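Data first, discussion second: the structure below is written as structure tokens.
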Amino acid sequence: MSISVSHISKNFGAFTALDDINLDIPEGELVALLGPSGCGKTTLLRIIAGLEQADQGDVFLKGDKVTDKPVKNRHIGFVFQHYALFRHMTVLDNVAFGLRVKPRKERPSEAGIVKKVHALLELVQLDWLNDRFPDQLSGGQRQRIALARALAVEPSVLLLDEPFGALDASVRKDLRFWLRNLHHELNVTSVFVTHDQEEAMEVANRVVVLNNGRIEQQGSPSDIYDHPANAFVSQFIGQTNVFDLDEQGTDWLEAAGLLTPHQEGKIAHVRPHDIVIQKSTADNDAFVTLKNWQHLGSLIRIELIKNGSSDSNAAVYAEMPNDQFKRLQLSKGDKVELRIRHAHWFH
Amino acid sequence: MPGFRPAIGLTLVYLALVVLIPLSALLLKSMQLSLDEYWAILSNHRVQASFRVSFGSALIAAAVAALFGFIIAWSLVRYTFPGKRLLDALIDLPFALPTAVAGIVLATIYEANGWVGKLVMDNFGIQIAYKPLGIVVALIFIGLPFVVRTIEPVLQELDTAMEEAAASLGATRLQAFIKVILPNILPAAITGFALAFARGVGEYGSVIFIAGNMPYISEIVPLLIITKLEQYEYAGATAIGMTMLILSFVLLLLINGLQWWVRRRSGQL
């Protein structure tokens with residue numbers, strides 16, 4: 001195991017940030033710590049780094065217990081949400097910092113340092129900015145420099161705290177892709193924190209979902225999407241329609257094929273793409289009306305409303321490819337029939 | 001930019017009324033002297049000694065105030081402790097206290113029989129009050145708040161993540177301090193130093209009570225000017241005043257230049 005966390009707990013006053021967390025991360029993985037704000041994901045990352053001390057529990061890096069080691073001896077690379085570049089140093093000096101503060105015996109020659117820094121800046125494709133100061137760079141450039149700086153000391157693990165959180169949407173998309181490729185190239189065990197489930201699914205090969213200081217589920221992105229362990233994970237990852245059988249009439253859900261003799265709970269979570277709709281032929285059989293739709297690029301999101309319902313929050317969302325929707329030739333106010341292909345049941 | 005004319009206009013009027021016209025009067029008055037007469041006044045040993053005392057003690061006091069002002073600002077920004085607000089309020093007291101009161105109190109405490117003066121006298125055999133050292137003590141007292149109040153906001157703004165980044169890259173606390181914290185607060189520290197120095201050079205009220213005012217030893221330039229005025233030597237007084245003005249101006253320009261150089265080197269310009 002590259003990173004191992006055992007029975008970590010952390011309180012801030014009366015607030016429990018982390019509650020008995022156990023987590024093993026194998027060598028070379030790219031792991032996302034995913035959760036809503038305040039779930040403890042950043043605290044966990046900072047405890048692994050040694051920037052924060054746990055109240056209980058131990059942290060192991062490459063099998064060594066590092067719980068009592070200060071951050072400077074843990075040999076980790078840390079990337080901060082707001083870059084934390086040294087603003088009084090040029091890009092080159094920023095990246096060289098970790099090499100220049102090494103004890104004299106371990107420190108490469110100045111020429112060696114400069115050579116290595118240029119190689120790292122080539123890696124992040126920003127060598128042409130080496131004599132600039134951080135204030136003269138864009139957010140995306142700063143974050144790439146911060147990454148180069150962290151990689152300069154050849155860390156055994158790379159920890160990234162919301163690395164794309166402060167960036168524009170388009171830059172964020174580019175950097176996600178880029179981080180994935182970089183990880184593929186370097187293969188250094190990496191953990192990044194995010195509250196964006198799309199980002200976690202897109203970048204990581206393993207996702208750890210946290211909530212209220214506990215791990216709700218961990219697994220591959222498709223595992224988590226296809227087999228959510230509980231209602232929280234199901235709702236947090238992707239879009240979900242929630243049907244609580246105690247609160248809603250069941251006749252229309254029965255008609256939609258949701259109810260079976262052996263359903264396993266009282267609350268059904270249905271992904272929008274698991275709802276199939278078609279124009280109703282017999283008017284009186286339809287329970288649902290098409291209220292509105294939105295273009296999401298290649299998909300159309302369809303907003304359906306139960307007939308006779310005045311609650312606008314009770315809308316049901318379905319999604320289908322653009323061309324398929326066109327073929328249905330639906331317009332607002334049409335009565336539609338719906339069929340639910342698949343649901344996750346929770347109690 | 002909107003508002004350029006009224007803003008610049010008011011700035012010029014203000015500067016003219018409060019700064020330029022009085023200083024021009026000083027210049028005009030000193031120009032009534034021939035260059036020889038001017039030089040005769042300045043080459044007087046007592047006058048030269050007073051310049052050394054004034055500028056020397058102001059420089060030393062500003063340096064000490066810069067060091068301790070930084071430590072105080074650091075404590076106020078980085079730590080929470082009981083009585084922090086009270087300490088924070090105490091910092092500004094030298095601004096408000098009549099300087100004469102400060103001088104008398106300092107003289108009483110630091111004289112050979114005073115609370116602190118006796119301790120220092122008994123243990124180190126050094127007399128503080130009524131010696132040049134007394135001037136330095138008074139000027140540190142006067143200059144300290146300038147340093148604290150200029151460094152404090154910069155320290156507050158300093159992103160602690162930079163220090164965490166330094167530590168994660170293997171830097172010791174000392175390395176982080178020298179390579180990361182210090183360069184970021186140096187421009188503010190220089191500003192504080194310059195303000196404390198400028199204030200110290202012109203300080204009169206507190207110094208005359210603690211200095212002893214011995215000619216050649218602990219007589220400051222402002223006191224010499226007053227003395228000349230009392231003896232109706234207006235020309236002499238203006239010559240000394242003018243020289244002081246020029247010297248201060250040149251020194252402040254130098255400090256500004258140093259500051260510009262530091263900022264430029266650290267990419268803050």
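Letters A, B, ... go to the chains of the structure tokens in the order shown; residues in each chain start at 1; ligands are counted from 1 in the same order.
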Skipping near chain neighbours, those fewer than 2 positions away, what residues fall within 8 Å of segment 74-91 of chain B using only C-alpha atoms, listed as a count of residues only?
11
I'd like a table as a tab-separated table: residues in chain A with an atom no more than 10 Å from chain B, each row giving the shortest atom pair and its distance in Å to one decimal, only C-alpha atoms counted, sorted by chain and rising residue number.
residue	atom	partner	partner_atom	distance
A:Ala49	CA	B:Ser168	CA	7.8
A:Gly50	CA	B:Ser168	CA	8.6
A:Leu51	CA	B:Glu164	CA	7.1
A:Pro70	CA	B:Ala167	CA	8.6
A:Val71	CA	B:Ser168	CA	5.5
A:Lys72	CA	B:Gly170	CA	4.1
A:Asn73	CA	B:Gly170	CA	6.5
A:Arg74	CA	B:Ser168	CA	7.9
A:His75	CA	B:Ser168	CA	7.4
A:Ile76	CA	B:Ser168	CA	6.6
A:Gly77	CA	B:Ser168	CA	6.5
A:Phe78	CA	B:Ser168	CA	6.4
A:Val79	CA	B:Ala165	CA	7.9
A:Phe80	CA	B:Ala161	CA	7.5
A:Gln81	CA	B:Ala161	CA	9.5
A:His82	CA	B:Ala161	CA	8.4
A:Tyr83	CA	B:Ala161	CA	8.4
A:Ala84	CA	B:Met162	CA	4.9
A:Leu85	CA	B:Met162	CA	6.4
A:Phe86	CA	B:Met162	CA	6.3
A:Arg87	CA	B:Gly267	CA	7.3
A:His88	CA	B:Ser266	CA	4.2
A:Met89	CA	B:Ser266	CA	6.0
A:Thr90	CA	B:Gly267	CA	7.6
A:Asn94	CA	B:Ala166	CA	9.8
A:Val95	CA	B:Leu169	CA	9.9
A:Ala96	CA	B:Leu169	CA	9.9
A:Phe97	CA	B:Leu169	CA	7.4
A:Gly98	CA	B:Leu169	CA	4.7
A:Leu99	CA	B:Leu169	CA	8.2
A:Arg100	CA	B:Ala171	CA	9.0
A:Val101	CA	B:Ala171	CA	5.6
A:Lys102	CA	B:Gly170	CA	6.9
A:Pro103	CA	B:Ala171	CA	9.5
A:Arg132	CA	B:Gly267	CA	8.4
A:Phe133	CA	B:Gly267	CA	6.0
A:Pro134	CA	B:Gly267	CA	8.5
A:Asp135	CA	B:Gly267	CA	8.2
A:Gln136	CA	B:Gly267	CA	9.3
A:Ala146	CA	B:Ala165	CA	9.3
A:Arg149	CA	B:Leu169	CA	8.3
A:Ala150	CA	B:Leu169	CA	6.9
A:Leu151	CA	B:Leu169	CA	9.4
A:Ala152	CA	B:Leu169	CA	8.7
A:Val153	CA	B:Leu169	CA	6.9
A:Glu154	CA	B:Leu169	CA	9.9
A:Pro155	CA	B:Leu169	CA	9.0
Running DSSP on the backbone, which parts of segment 191-324 of chain A land in alpha helix (DSSP H), as a list in words?
Gln197, Glu198, Glu199, Ala200, Met201, Glu202, Val203, Pro221, Ser222, Asp223, Ile224, Tyr225, Asp226, Ala231, Phe232, Val233, Ser234, Gln235, Phe236, Asp251, Trp252, Leu253, Glu254, Ala255, Asn322, Asp323 and Gln324 of chain A
Residues as selected, N, CA and C atoms, written as a tab-separated table (two decimals), in the first residue's frame, can you do that?
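The file below, part-v3.tsv, is the result:
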chain	number	residue	atom	x	y	z
A	197	GLN	N	-18.63	15.78	-8.61
A	197	GLN	CA	-18.67	14.35	-8.90
A	197	GLN	C	-18.25	14.04	-10.33
A	198	GLU	N	-18.55	14.98	-11.24
A	198	GLU	CA	-18.17	14.79	-12.63
A	198	GLU	C	-16.64	14.73	-12.75
A	199	GLU	N	-15.98	15.65	-12.03
A	199	GLU	CA	-14.53	15.70	-12.04
A	199	GLU	C	-13.94	14.41	-11.48
A	200	ALA	N	-14.52	13.93	-10.38
A	200	ALA	CA	-14.02	12.70	-9.77
A	200	ALA	C	-14.16	11.53	-10.73
A	201	MET	N	-15.32	11.42	-11.36
A	201	MET	CA	-15.59	10.30	-12.27
A	201	MET	C	-14.67	10.36	-13.49
A	202	GLU	N	-14.40	11.58	-13.94
A	202	GLU	CA	-13.65	11.75	-15.17
A	202	GLU	C	-12.16	11.51	-14.98
A	203	VAL	N	-11.63	11.93	-13.84
A	203	VAL	CA	-10.18	11.91	-13.66
A	203	VAL	C	-9.70	10.65	-12.94
A	221	PRO	N	-15.20	4.39	-10.66
A	221	PRO	CA	-16.30	5.30	-11.00
A	221	PRO	C	-17.55	4.55	-11.46
A	222	SER	N	-17.39	3.50	-12.28
A	222	SER	CA	-18.59	2.81	-12.77
A	222	SER	C	-19.26	2.01	-11.66
A	223	ASP	N	-18.44	1.42	-10.77
A	223	ASP	CA	-19.00	0.75	-9.59
A	223	ASP	C	-19.94	1.66	-8.83
A	224	ILE	N	-19.42	2.85	-8.56
A	224	ILE	CA	-20.14	3.78	-7.71
A	224	ILE	C	-21.38	4.30	-8.41
A	225	TYR	N	-21.27	4.50	-9.70
A	225	TYR	CA	-22.43	5.00	-10.44
A	225	TYR	C	-23.49	3.90	-10.59
A	226	ASP	N	-23.04	2.69	-10.93
A	226	ASP	CA	-24.01	1.62	-11.21
A	226	ASP	C	-24.51	0.93	-9.96
A	231	ALA	N	-28.46	5.68	-0.30
A	231	ALA	CA	-29.21	6.76	-0.93
A	231	ALA	C	-28.34	8.00	-1.10
A	232	PHE	N	-27.45	8.27	-0.13
A	232	PHE	CA	-26.60	9.46	-0.25
A	232	PHE	C	-25.73	9.39	-1.51
A	233	VAL	N	-25.06	8.25	-1.68
A	233	VAL	CA	-24.17	8.11	-2.83
A	233	VAL	C	-24.96	8.21	-4.13
A	234	SER	N	-26.10	7.54	-4.16
A	234	SER	CA	-26.94	7.56	-5.37
A	234	SER	C	-27.33	8.98	-5.75
A	235	GLN	N	-27.66	9.79	-4.75
A	235	GLN	CA	-28.10	11.16	-5.06
A	235	GLN	C	-26.93	12.08	-5.34
A	236	PHE	N	-25.78	11.80	-4.69
A	236	PHE	CA	-24.64	12.68	-4.86
A	236	PHE	C	-23.95	12.48	-6.20
A	251	ASP	N	-50.19	4.37	-8.20
A	251	ASP	CA	-50.81	3.86	-9.44
A	251	ASP	C	-50.00	4.18	-10.69
A	252	TRP	N	-49.49	5.42	-10.76
A	252	TRP	CA	-48.75	5.81	-11.96
A	252	TRP	C	-47.39	5.12	-12.02
A	253	LEU	N	-46.79	4.84	-10.84
A	253	LEU	CA	-45.50	4.17	-10.83
A	253	LEU	C	-45.68	2.70	-11.22
A	254	GLU	N	-46.82	2.17	-10.83
A	254	GLU	CA	-47.13	0.80	-11.21
A	254	GLU	C	-47.26	0.72	-12.72
A	255	ALA	N	-47.97	1.72	-13.27
A	255	ALA	CA	-48.14	1.77	-14.73
A	255	ALA	C	-46.80	1.90	-15.44
A	322	ASN	N	-30.57	13.40	-28.45
A	322	ASN	CA	-31.18	14.43	-29.28
A	322	ASN	C	-32.09	13.90	-30.40
A	323	ASP	N	-31.53	12.99	-31.23
A	323	ASP	CA	-32.25	12.52	-32.42
A	323	ASP	C	-33.47	11.69	-32.03
A	324	GLN	N	-33.30	10.92	-30.96
A	324	GLN	CA	-34.41	10.09	-30.49
A	324	GLN	C	-35.59	10.97	-30.05
What's around Lys306 of chain A at 7 Å? Count only C-alpha atoms, leave out sequence neighbours fewer than 6 positions away in its own chain, and write the answer as a count of residues only.
3
Strand (DSSP E or B) call set, DSSP backbone run, segment 12-187 of chain A, as number ranges by chain:
A: 12, 15-25, 30-34, 56-61, 64-65, 76-79, 157-161
Output file for the residues above (C-alpha atoms, as a PDB file, in the first residue's frame):
ATOM      1  CA  PHE A  12     -12.681  20.693  15.631  1.00  0.00           C
ATOM      2  CA  PHE A  15     -17.608  19.347  15.225  1.00  0.00           C
ATOM      3  CA  THR A  16     -16.563  15.888  14.086  1.00  0.00           C
ATOM      4  CA  ALA A  17     -14.600  16.306  10.872  1.00  0.00           C
ATOM      5  CA  LEU A  18     -13.484  12.690  10.550  1.00  0.00           C
ATOM      6  CA  ASP A  19     -14.881   9.665  12.332  1.00  0.00           C
ATOM      7  CA  ASP A  20     -12.778   6.484  12.378  1.00  0.00           C
ATOM      8  CA  ILE A  21     -11.602   6.559   8.773  1.00  0.00           C
ATOM      9  CA  ASN A  22      -9.841   3.527   7.291  1.00  0.00           C
ATOM     10  CA  LEU A  23      -8.484   3.752   3.783  1.00  0.00           C
ATOM     11  CA  ASP A  24      -5.864   1.933   1.725  1.00  0.00           C
ATOM     12  CA  ILE A  25      -4.549   3.328  -1.526  1.00  0.00           C
ATOM     13  CA  LEU A  30      -5.219   8.154  -8.967  1.00  0.00           C
ATOM     14  CA  VAL A  31      -7.840   8.514  -6.266  1.00  0.00           C
ATOM     15  CA  ALA A  32     -10.534  11.136  -5.774  1.00  0.00           C
ATOM     16  CA  LEU A  33     -11.790  12.040  -2.314  1.00  0.00           C
ATOM     17  CA  LEU A  34     -15.301  13.174  -3.172  1.00  0.00           C
ATOM     18  CA  GLN A  56      -6.565   9.452  16.840  1.00  0.00           C
ATOM     19  CA  GLY A  57      -5.297   6.937  14.356  1.00  0.00           C
ATOM     20  CA  ASP A  58      -2.230   6.477  12.206  1.00  0.00           C
ATOM     21  CA  VAL A  59      -1.015   7.339   8.722  1.00  0.00           C
ATOM     22  CA  PHE A  60       1.352   5.060   6.812  1.00  0.00           C
ATOM     23  CA  LEU A  61       3.225   6.039   3.669  1.00  0.00           C
ATOM     24  CA  ASP A  64       6.243   3.495   7.228  1.00  0.00           C
ATOM     25  CA  LYS A  65       4.299   4.962  10.100  1.00  0.00           C
ATOM     26  CA  ILE A  76       4.908  14.263  -0.182  1.00  0.00           C
ATOM     27  CA  GLY A  77       3.996  16.694  -2.909  1.00  0.00           C
ATOM     28  CA  PHE A  78       1.105  18.977  -2.020  1.00  0.00           C
ATOM     29  CA  VAL A  79      -0.859  21.175  -4.414  1.00  0.00           C
ATOM     30  CA  VAL A 157       2.763  10.544  -3.181  1.00  0.00           C
ATOM     31  CA  LEU A 158       1.080  13.558  -4.713  1.00  0.00           C
ATOM     32  CA  LEU A 159      -1.758  15.198  -2.783  1.00  0.00           C
ATOM     33  CA  LEU A 160      -3.978  17.799  -4.452  1.00  0.00           C
ATOM     34  CA  ASP A 161      -6.518  19.894  -2.550  1.00  0.00           C
TER      35      ASP A 161
END
List as a PyMOL selection string the protein and nucleic acid residues near Pro153 of chain B, meaning an atom at most 10 Å away when only C-alpha atoms are counted, but skip any in the same chain fewer than 6 places from it.
chain B and resi 73+77+185+188
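Proximity to Ile277 of chain A at 10 Å, evaluated using only C-alpha atoms and with sequence-adjacent residues fewer than 6 positions away removed, yields A:Ala256, A:Val288, A:Leu290, A:Ile302, A:Leu304, A:Ala318, A:Glu319, A:Met320, A:Phe325, A:Leu328, A:Val336, A:Glu337, A:Leu338, A:Arg339, A:Ile340.
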May I have the residues within 12 Å of Thr227 of chain B as JSON, numbers by chain, using only C-alpha atoms and disregarding those fewer than 3 positions away in the same chain?
{"B": [47, 213, 215, 219, 220, 221, 222, 223, 224, 230, 231, 232, 233, 234, 236, 237, 240]}
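The interatomic distance for the pair atom CA of Ala58 of chain B and atom CA of Ser206 of chain B works out to 13.1 Å.
Restricting the calculation to only C-alpha atoms, the smallest distance between Met31 of chain B and any of B:Ala239, B:Leu158, B:Val250, B:Leu245 is found for B:Ala239.
Comparing A:Gly35, A:Leu167, A:Val5, A:Gly140 by their smallest distance to Glu216 of chain A, the closest is A:Gly35 (using only C-alpha atoms).
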